[in-house]
Structures are given as C-alpha cells and as structure tokens.
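Taking it in order: structure first as structure tokens, then the write-up.
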Amino acid sequence: MNLIISGTNRERSNSLKIAKYYQQELQRRGESWELLSLSDLPEDITVTDLYGKRSEAFKPIQAKVSAAKKFVFIIPEYNGSFPGILKVFIDACSFPASFFHKKAALVGVSTGKYGNIRGVDHFTGVCNYMRMHVLPLKIHLSKVHDELDNDDQLIDELTTKFVQEQIDEIARF
C-alpha cells in the first residue's frame with residue numbers, strides 16, 4: 001500500500017484537491033494509493049497520541065502509515081514553512097516503524113508566488129532525519145487557485161507536464 005497525505009487539517013483545502021488529483025493519476029497508472037487528509041486526525045491528538053500514547057481513533061491511521069511503502073506529501077505553505085499539524089502527525093506516528101527507509105515524494109502548494117519552496121525544504125530535513133528516501137524531483141505549485149479548473153484538474157500545460165513527470169517517477173521509485 002502507498003499513502004498520499006494532504007498535509008493540512010483545513011476543510012476543503014487546495015492541498016486536498018491536489019492530493020485527490022495525484023491519487024487519480026497514480027491509480028490511472030495502475031498504482032494502489034490511499035488518501036489521508038489530516039482533517040481526519042483525532043481533534044485531541046496532541047493529548048492522546050504523543051509521547052508514547054495511542055488512542056483508539058489513531059490506531060487505524062497508524063496502521064495505514066505502518067503498512068505504506070511510499071508516501072506523497074502534499075504540503076501547503078503556512079507562515080513560510082509547513083503546517084504545524086503535519087509535524088504533530090509525524091510526531092504522533094510510531095518511530096522508526098512509520099517512515100524509516102520508506103520513500104517520499106514532496107509537493108509544495110501555496111496561493112503565493114513560490115509554491116512553498118521553504119516549507120518543502122524544511123520538510124525534506126524532517127524526512128532526512130527519519131531516514132526517508134526523498135524523490136529528488138519536488139513540485140512547487142504556486143498560485144494553486146489559478147492552476148485548478150472547476151473539476152479540480154490542472155489546467156496549465158507546463159505545470160501538468162512537470163506533475164506528470166513526477167508522478168511517473170513516483171510510480172518507478
């Protein structure tokens with residue numbers, strides 16, 4: 001199993017739209033990918049699932065993470081980095097079983113001009129610490145609201161070309 005993680009708990013986020021796009025495209029290639037939105041995390045995760053604790057609500061999430069061999073992280077820009085809820089999620093997962101020597105592809109998303117370059121770089125450091133193997137081709141979707149049509153499909157040809165290239169690499173990774 002492989003897992004796409006929409007890296008925010010914001011409802012109806014652009015990150016979730018991009019995560020669904022990636023899932024659709026990977027499945028079109030015959031890949032089996034599940035989607036996890038951080039909006040599905042237990043609301044009280046900071047008191048129930050950190051520091052060795054494990055709640056009943058988090059157990060199925062942990063099982064998916066443990067079973068996954070590859071991850072695609074869709075990482076929105078929050079204050080020049082990645083969302084705190086993404087770090088809380090990583091911290092709540094069992095270490096090292098969750099991510100150790102697994103593969104990750106990173107996609108930055110922002111409504112601004114730079115596609116969360118800094119946040120993806122920051123998250124790359126976290127992945128490296130956890131000894132994840134990070135796909136070198138990272139995508140940075142800037143002004144993401146202009147990149148999607150009403151059906152949440154990418155509309156810019158150049159963006160689509162690079163995203164499809166990354167998706168091909170993820171499938172071979």
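Residues in the structure tokens are named by chain (A, B, ... in the order shown) and by number from 1 within that chain; ligands are numbered from 1 in the order shown.
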Neighbouring residues of range 50-63 of chain A were defined as those with any atom within 7 Å, considering only C-alpha atoms; residues of the same chain fewer than 4 positions away were excluded. Please report them as an mmCIF file with all heavy atoms, in the first residue's frame.
```
data_model
loop_
_atom_site.group_PDB
_atom_site.id
_atom_site.type_symbol
_atom_site.label_atom_id
_atom_site.label_comp_id
_atom_site.auth_asym_id
_atom_site.auth_seq_id
_atom_site.Cartn_x
_atom_site.Cartn_y
_atom_site.Cartn_z
ATOM 1 N N PRO A 42 -7.635 12.691 14.920
ATOM 2 C CA PRO A 42 -8.414 12.987 16.125
ATOM 3 C C PRO A 42 -8.197 14.442 16.553
ATOM 4 O O PRO A 42 -7.065 14.934 16.508
ATOM 5 C CB PRO A 42 -7.838 12.025 17.175
ATOM 6 C CG PRO A 42 -7.124 10.974 16.403
ATOM 7 C CD PRO A 42 -6.676 11.607 15.118
ATOM 8 N N THR A 46 -3.012 16.026 20.205
ATOM 9 C CA THR A 46 -1.859 16.500 20.987
ATOM 10 C C THR A 46 -1.863 15.995 22.420
ATOM 11 O O THR A 46 -0.822 16.012 23.077
ATOM 12 C CB THR A 46 -1.773 18.041 21.003
ATOM 13 O OG1 THR A 46 -2.958 18.570 21.580
ATOM 14 C CG2 THR A 46 -1.552 18.591 19.608
ATOM 15 N N ALA A 67 1.850 0.343 7.194
ATOM 16 C CA ALA A 67 1.757 -0.543 6.031
ATOM 17 C C ALA A 67 2.281 0.095 4.747
ATOM 18 O O ALA A 67 2.674 -0.614 3.817
ATOM 19 C CB ALA A 67 0.307 -0.987 5.831
ATOM 20 N N ASP A 91 5.051 13.432 14.491
ATOM 21 C CA ASP A 91 5.458 13.141 15.868
ATOM 22 C C ASP A 91 4.565 12.098 16.532
ATOM 23 O O ASP A 91 5.023 11.346 17.389
ATOM 24 C CB ASP A 91 5.475 14.416 16.711
ATOM 25 C CG ASP A 91 6.583 15.376 16.309
ATOM 26 O OD1 ASP A 91 7.503 14.965 15.575
ATOM 27 O OD2 ASP A 91 6.525 16.555 16.728
ATOM 28 N N ALA A 92 3.304 12.032 16.139
ATOM 29 C CA ALA A 92 2.372 11.068 16.729
ATOM 30 C C ALA A 92 2.594 9.654 16.187
ATOM 31 O O ALA A 92 2.281 8.680 16.863
ATOM 32 C CB ALA A 92 0.932 11.508 16.480
ATOM 33 N N CYS A 93 3.141 9.556 14.987
ATOM 34 C CA CYS A 93 3.371 8.239 14.388
ATOM 35 C C CYS A 93 4.510 7.516 15.093
ATOM 36 O O CYS A 93 5.443 8.144 15.593
ATOM 37 C CB CYS A 93 3.690 8.381 12.901
ATOM 38 S SG CYS A 93 2.276 8.876 11.907
#
```
### Task
List every residue of range 31-145 of chain A that DSSP, applied to the backbone of this structure, places in strand (DSSP E), and write the result as a list in words.
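Residues meeting the strand (DSSP E) criterion: Trp33, Glu34, Leu35, Leu36, Ser37, Lys70, Phe71, Val72, Phe73, Ile74, Ile75, Pro76, Lys103, Ala104, Ala105, Leu106, Val107, Gly108, Val109, His133, Val134, Ile139, His140 and Leu141 of chain A.
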### Message
With only C-alpha atoms as the counted atoms, please give the residues lying no more than 9 Å from Leu35 in chain A, apart from itself and same-chain residues fewer than 4 positions off, as a PyMOL selection string.
### Response
chain A and resi 2-6+19-20+23
### Query
At what distance in Å, to one decimal, does CA of Met1 in chain A lie from CA of Trp33 in chain A?
6.4 Å
### Query
So which one's closest to Asp146 in chain A, A:Thr160, A:Ser66, A:Thr111, A:Ser81? Using only C-alpha atoms, please.
A:Thr111
### Message
So that I can check the surroundings of Met132 in chain A, please list as a VMD selection string every protein, DNA and RNA residue that reaches within 10 Å of it, counting only C-alpha atoms and ignoring chain neighbours fewer than 2 positions away.
### Response
chain A and resid 70 to 71 98 to 105 124 to 130 134 to 135
Would you write out those residues with C-alpha atoms, as an mmCIF file, in the first residue's frame?
```cif
data_model
loop_
_atom_site.group_PDB
_atom_site.id
_atom_site.type_symbol
_atom_site.label_atom_id
_atom_site.label_comp_id
_atom_site.auth_asym_id
_atom_site.auth_seq_id
_atom_site.Cartn_x
_atom_site.Cartn_y
_atom_site.Cartn_z
ATOM 1 C CA LYS A 70 5.719 5.050 -0.344
ATOM 2 C CA PHE A 71 4.265 8.434 0.535
ATOM 3 C CA SER A 98 6.323 4.551 10.344
ATOM 4 C CA PHE A 99 8.832 6.136 7.995
ATOM 5 C CA PHE A 100 12.263 4.506 8.401
ATOM 6 C CA HIS A 101 13.774 3.761 4.953
ATOM 7 C CA LYS A 102 10.484 4.363 3.176
ATOM 8 C CA LYS A 103 10.104 6.538 0.088
ATOM 9 C CA ALA A 104 8.597 10.012 -0.111
ATOM 10 C CA ALA A 105 7.678 12.442 -2.853
ATOM 11 C CA THR A 124 12.897 17.480 3.468
ATOM 12 C CA GLY A 125 15.059 17.916 6.566
ATOM 13 C CA VAL A 126 12.441 16.137 8.682
ATOM 14 C CA CYS A 127 12.274 13.303 6.112
ATOM 15 C CA ASN A 128 16.052 13.006 6.083
ATOM 16 C CA TYR A 129 16.129 12.797 9.876
ATOM 17 C CA MET A 130 13.603 9.950 9.718
ATOM 18 C CA VAL A 134 13.093 11.555 -0.835
ATOM 19 C CA LEU A 135 12.438 11.689 -4.565
#
```
### Task
Run DSSP on the backbone and give me the residues of range 51-102 of chain A it puts in helix (DSSP H, G or I), as number ranges by chain.
A: 59-67, 84-92
### Message
Residues near Phe82 in chain A, anyone? I mean within 8 Å using only C-alpha atoms, not counting same-chain ones fewer than 3 positions away, as a list in words.
### Response
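The filter keeps Ile75, Pro76, Glu77, Tyr78, Asn79, Leu86, Asn116, Gly119, Val120, His122 and Phe123 of chain A.
Computed from the coordinates, the CA of Lys143 in chain A to CA of Gly7 in chain A distance equals 17.2 Å.
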### Task
Identify which of the residues A:Ser142, A:Gln164, A:Ser39, A:Ser13 lies closest to Gly108 in chain A, counting only C-alpha atoms when measuring atom-to-atom distances.
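Distance minimum relative to Gly108 in chain A lands on A:Ser142.
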### Who sits within 12 Å of Glu25 in chain A, only C-alpha atoms, same chain under 2 positions skipped, as a PyMOL selection string
chain A and resi 4+18-23+27-33+153-154+160+163-168+170-171
### Task
Could you tell me how far CA of Leu158 in chain A lies from CA of Gly80 in chain A, in Å and to one decimal?
24.7 Å
### Summary
Nearest to Phe173 in chain A, restricted to only C-alpha atoms and choosing among A:Val144, A:Val107, A:Ile139, A:Val72, comes out as A:Val72
